[in-house]
Structure formats: structure tokens, C-alpha cells
Amino acid sequence: MNRRQEEKGWALTRQVLLLLLLFFSCWAAQEQVHYSIPEEMAKGSIVGNLARDLGLNARELAKRNLHVVSVNKMQYFTINAENGNLCVSDRIDREEICGTDPLCFVNFEVVVEDPVKVFHINVVIQDINDNTPHFLSSIIKLEIIESATPGTRFLLGTAKDPDIGMHSIQNYQLSSNQYFTLDVKEIQDGSKFADLVLQKPLDREIEETLHLTLTAIDGGDPRRTGTAQIWINITDANDNPPVFSQEVYTVHLKENIPVGSLIFQVIASDIDAGSYGQIRYHFSNMPLNANKKFSLDPTNGTIILTEFLDFEESKEYTMTVAAKDGGGSVTYCKVLIRVLDENDNYPEVNLVSLFSPVSEDSGADTLIALINVNDKDTGDNGKVTCYLQDDLPFKILPSSNNYYKLLTHSPLDRERTPEYNVMITATDKGTPPLSTHKIISLQISDINDNAPAFEKPFYSIHVPENNPSGASIFSIKASDPDAGKNAKITYSILSSNIQELPISSYISINSETGTIYAQRSFDYEQFREFQLQVKAQDGGSPPLSSNATLRVFILDHNDNTPRILSPSPEAKGSTSFEMVPRSAEEDYLVTKVVAVDADSGHNAWLSYHLAQATEPALFTIGSHTGEIRTARAFAERDAVKQRLVVVVKDNGQPRLSATVTLNLVFAENFQEALPEMKNQSRDSEVQSDLQFYLVLALALISFLFLLTVILAIAMKLRRTGNPKFLQCFGPVPHATAGPMFPPNFEDGTLPYSYQLCLSSDSQRNEFTFLAPSVQIADSLLCNEKPDVPAISNGKNNLNSQVENVDKRRIKLI
């Protein structure tokens, strides 16, 4: 009651505040007029004198034409044109105009002319308690079983009242009874509802029905109420539940039973009569694996297969079937469906562990793989045996719990077979048996069990001497059938038979490719062959190696001139003599020229030739032995002193040669030969002077050559014939039969020819200089033709040989 009064006081306070707000608004703006009226005023009721409130008198109304602008909003009010009263013209229902809004306004505008002014009229509609609470249904029917326990709540619903504030529903009341009470609650929007709460157990045998009245009361003054009738029907309790014929039903089915087959029927009975004795069946707590497999007829309890069974998916299904009578009593039974296996699954071979790659040095019975063999079938259908298809160095043995071990059976060799594809066959014992094949790819890992191998243990190579330094002379190769670093070969030189210097100063080897390089130019004459050991080592751990012997033969080039050992080459200015008896007969061995050549083979084959001789017909020389013999007996006309020039040639390409000069004296004893030897000494002094004159002659010839060129140019300018004073410079004709040097003999020599004439009774030589010529003639004796042709050698210095030969050909007459 106090709460209701508080709410009523707050509503009045809110209306006063609203009126104050309107008053101050009117005072602030004279063009706004506010009125407040309750709803449901009678037609014609005066709201207020609008003319007076606008500051107009009755006489000015007609003159200033007071009229309403917002005609469509003036359906509830009219203005009396005579006195300016604002009157109610239609029923004003706040609930219709504003609904549940707490503030309800009607706004419109009026205009007066001369001068024109617009006034805003605001009419506040106040709520009155003009609506009675009402229920959606005037009769509320409930069925409550007599076995309901105290405290059970029953929802009655809410009543509606379109008024607001204290005029809305404030409370509910229930007619007096011994079984139920009313619990009133308020929700967030301020509306209230009531629940019916059972206070004591019901008994249908005492009272079958109950009649109660529910009253809804608002807060108006006077209060308005609305009622609803509650009819409660107390229903009988189901005292006898259904009973199944057995608590657990067990059925065995083959997994290949066709879909749609009737599996079995569950039967339940209920001794109650009427609806309580009518039973309907349904699955309760159906497992997921059986949800779509089976269907249950709700009336007769037959169970039908709706999907194929799979023993491997589920071996049994446990379901609960509920039987419910018309009174709501439920009884349950268990249904156990066991699936019988058929041999419809192939064995499954699963590789559990694989130890690959397998080292090739693995011993027998080394575990390679662990295999699990599984067959979803049972009994003989699920018993599986495994075996290998091919003849391989492996075996398969059963372990435990359907596990098999793949083991090595015989030695492995990666170099022969680096990979195996092991096929495992698993077969069950069903009828008919089913088999599965599994291929395991197995890699064999390498160990360093193979040493590098050369193609052959001994190699012979031939290297020409004078080879360029750093040139590749051979490439040695070793192979290793291992793999990876075990097959990575490095080459090195172990040792050699060269003692003078380390082998690294002669030979080097590329450690990766095996290419052998010469570190220096080889000299056949220094050593003709040498031997070394090459080592090839792999990168394994521990490393393996092998050796090969390499024998290097130096090939000879003709790079050595024959060297004359006997007679020993004379020093410059010295003279040696061989004494020959005057009584020597034909084929007398005068002396022997001994020469050697540091080269070998054809390059060292020497031949001996007489290049010059005072009496060419007097001596012969063995071309291979070097023996100088007399060709005939000594004659009185023959000169006592004989000079022989012997040329020793090798057989190389190009041929190289050396010369030696022999001085022979025919005498019976030393005292007879001594004067001739002294004269020869003086001749040596003359030859020494001759060299000086030869140099002087060369300088003079050069000067004459330049002078000749200058004169030739002058002669061409003067276009005249040859002057007589130039004739002395003309070339001296040579004998066509005379000895001539080949044209290539000019290389490295002076391009001038000269004649040397000697007088038989003169101690000095006389020279006649000739004009320049591309041919060089040998020294000729003034009184006789030369008997021995001059021998040219492209490898020797021409100028030096000409001087030496000419000096030795001086004949003392």
C-alpha cells in the first residue's frame, strides 16, 4: 500500500514539473501556448481561452482573423470564433494517441493577421485510470498429475492494462484454497506476472478438479480489477509401467546380411487399461554407430536393418529400446546385436620401422625393418602368414602380436647391388584366401671396403727432352667403386729414384685429377729415365690406398754436337803433329779420330769425312771408324807436311757436326820432322796475323760497299756509262766448277766473298778483295784448283769455320 502511494506521489510530482516547464517556456517565448488536460474529456469542454492567452480581445478576433494552420492536427480541438475558447471536439484517448509513452502531446499552429503572427499550441494529454486490467484468456486450464510434488510451479501468464504509471497493473490476487499460492514477480520493463505454486500434494481420489480465481489489480483511484478463472484437472497417476518379455535381447547376424532384413522383435506388456495400457516403442540413448543401421517400428517393436553391417567397423551394437504407455510410464530393455565375421578383408601390411640405408657390412640377422601385419577379420580369416617373393639376401621371421622382422640373410655388396625392392606377401587362411603385396625399397649404404685401383700397376710414358716447364705430360686415373667420400680419390707422389733433387722439383701431380706436370725441362743427357710411385687414396675412414709405378722415359733430341776426343782439340795458337814414315805403304793406319755424341740412337750415329786435305788422294778415312789410312804410298812429289780437316757428323735432324784439323809430317825419324814442325810454328804466327788482316779486310769491304752504292746513285743521276776508274771494283768471275756454299749458308755470316792467294815463297799473305756477293767461295790456292769441296753446317758459325778452315789450308810451298 505504501509503495502504491509513493508511486502515485511521484506521478503527481512529474506532472507538476511538466507544467512548470511549460510555464517557463511560455514566459520565455510569448508565441508558444501550453495547455494540459486529462484524457476522455467530454466534447465541448473548454481547454482554455486562446484569445486571452494570445493577448487578444474578443473585438479583435474577427478583425485579425484568428485561424488554425495545421488543420489535420485539429481533429481533437476547435476554436470558438466569437470568444476565442479552445474546446474539445472529439474523444481524446491517450492510449490511442501515445500508447505507453509517459508524455503525450498534441501540437498545432494558429495564425493572426494584421500583423501576421504564428503561435504554437501545445496540449498535454494526462492519463486517467480509464482501462481495466484484462487477461488474454478469461479461462486458464491446467492438468496436474496427482503425483506432482510440492514446490512445482505452473505459469499462469500476465494481464494487460494500457494505462501507465500507477494506473497500470500493480498486483495479482488468488482466491483462497489449500493447495496453491501465488508468486508475483516483476520484469525489467516494470510489468508483473504471477506463477502458481503447489503447496501440498494433490489427491485425485479426494478432489478431481479445482476452481480458482485470479485477480489483477491496478493502482488507480478507484482501483480497477480484472479476473480470470483457473480450472485445474487432477489426472490419475500411471501405477503400472510396461514390462518387456526379457531384459536383454541378443541377436547374431552375419555381416553380409542384406539391407531391409527383419532382425527380431521386442515385446512389452502393460496391465493398465485404456491409454495407460497402450505401448509405443522407440530407441533411447542410441549409439552413433547404430543410429543409421537399424530402424524400430513404434507400434509392434520390430527392428529392421537399414545399412550394411561391417564386422571390422563394429563387432556388436548395444541399443536401448524404450516402451512407453499412454500414461507416460517408460520401461527399458537392452538389445545386443553381434556381427559374425566373413573373410571380406585383405591383410594389411604396415611398415612400422625401416632402418634404411643398410650398411653393406651388416652381418647376418641384422634387423632391417619391423612390419605389422593386420587382418580385420577374425579366426582363420584373420590369421596371416608372410613370406618373401624373390630370392634375396633377406629373410622374414614372425615376432609377436602380428609383427614380423625383416633380417639380413647373406652378405651385402653395395657395389654389386646398391638397392633392393623387397616384396613381402601376406596371405590369410580364409576361404578363399586373400593376399596383399608390399614392396619395400631398401638402400644399401657404402663402407670404405674398396681401395682405389689403377688401370694397371705399371705405366710407361715417353717425354721428349727440352719440354716446356709446367706442361702436362701424363694423366693417371684410378677408380673406386665405393660412393661419396669413400670414392673421392686424391693423388700424390710417394717416392722416386732421383736422388739429386727432390721429386717435386721434377714432377708434380694434381691431387684431384691425377694430371702429372713437368716442373722443369728434362735433359736426356742428364738422365734418360726415372721412376716414381703414385699413390691414390680415397676419403674413407680409415682411408684406403693403392700405388702404381710410373716409369718416365726421356726421348732424345739432337741437341748435342759431336765431341772429338782424339786428337784433342787444340788451343788457339798451338800446333800438333802426327809423324808418318815415308816408307808407309798403302792402307797404312796413320791415326784415328775418336768422337762421341751425348745424344743417343740415330742422333748419336757418327760418320767421319775428310773436309779438306793437302793431298786428297793420299789419304782415306773410315766413315764409321774414323781411321785415317794412306790411300797410296808416299811419293817424292808429295808435300812433306800434310794438313787434314776431318768433319764428324751425327745422324740427327737437323744434323750437327764438328771438325778437327790434323797436321801430318812424313819423316823417318823425329830429327827429320823437327824442322818442319818449327816452320809450322812460324806459320801459326802468320795465321795469327792473318786474323788481324781478315778483320781489317771486312771493315774495308764494308767501306767499299757503301762507296759503291754512292757511286751507283751518282751514275744514275748523271745518266752516263761506267767510268773507267770504277772498273777496278768489278766482280771477279768465279769458276763454275769451283766449290760454292748453299744460299742458306748466309744466315749468321757476312754477305761478302773473298779470295785468298798465297805465294809459295813468301812469308806474308796477299789478299785480293772482290765485290760483295751472295755466294761465298772457299779459299783457293793461287796455283791449283781445290780438290776437296767445302762442307757447310747450318748449326755452326760460318765466319768462324771459314777462318779456321782457311788457316789450316795454308800450304807451304
# chains A, B, ... in the order shown; residues from 1 in each chain; ligands from 1
$ residues_around --residues "stretch 361-366 of chain A" --least-positions-apart "2" --cutoff "6 Å" --atoms "only C-alpha atoms" --output "VMD selection string"
chain A and resid 359 407 to 410
$ select_by_dssp --residues "stretch 169-413 of chain A" --states "strand (DSSP E or B)" --output "ChimeraX atom specification"
/A:169-174,180-186,192-198,209-218,225-235,243-244,248-254,262-265,268-269,280-284,294-296,302-305,316-324,330-340,348-354,358-359,367-374,384-388,394-398,403-408
$ closest_residue --among "A:Ile125, A:Leu690, A:Val47, A:Val384" --to "A:Ser89" --atoms "only C-alpha atoms"
A:Val47
$ select_by_dssp --residues "stretch 541-719 of chain A" --states "alpha helix (DSSP H)" --output "ChimeraX atom specification"
/A:670-718
$ residues_around --residues "A:Tyr588" --least-positions-apart "4" --cutoff "8 Å" --atoms "only C-alpha atoms" --output "JSON, numbers by chain"
{"A": [584, 629, 630, 631]}
$ residues_around --residues "A:Thr417" --least-positions-apart "4" --cutoff "10 Å" --atoms "only C-alpha atoms" --output "tab-separated table (two decimals) with C-alpha atoms, in the first residue's frame"
chain	number	residue	atom	x	y	z
A	360	GLU	CA	76.86	-53.20	-46.66
A	412	LEU	CA	75.52	-57.46	-48.89
A	413	ASP	CA	77.61	-55.74	-51.51
A	443	GLN	CA	69.04	-48.66	-49.93
A	444	ILE	CA	72.47	-50.16	-49.21
$ atom_distance --atom1 "atom CA of A:Glu40" --atom2 "atom CA of A:Lys160"
20.0 Å
$ residues_around --residues "stretch 144-156 of chain A" --least-positions-apart "4" --cutoff "6 Å" --atoms "only C-alpha atoms" --output "count of residues only"
12
$ atom_distance --atom1 "atom CA of A:Gly601" --atom2 "atom CA of A:Val647"
19.7 Å
$ closest_residue --among "A:Arg637, A:Lys43, A:Leu340, A:Asn300" --to "A:Glu313" --atoms "only C-alpha atoms"
A:Leu340
$ residues_around --residues "A:Leu351" --least-positions-apart "2" --cutoff "8 Å" --atoms "only C-alpha atoms" --output "PyMOL selection string"
chain A and resi 349+353-354+369-372
$ closest_residue --among "A:Ala194, A:Ala598, A:Val534, A:Ile516" --to "A:Gly652" --atoms "only C-alpha atoms"
A:Ala598
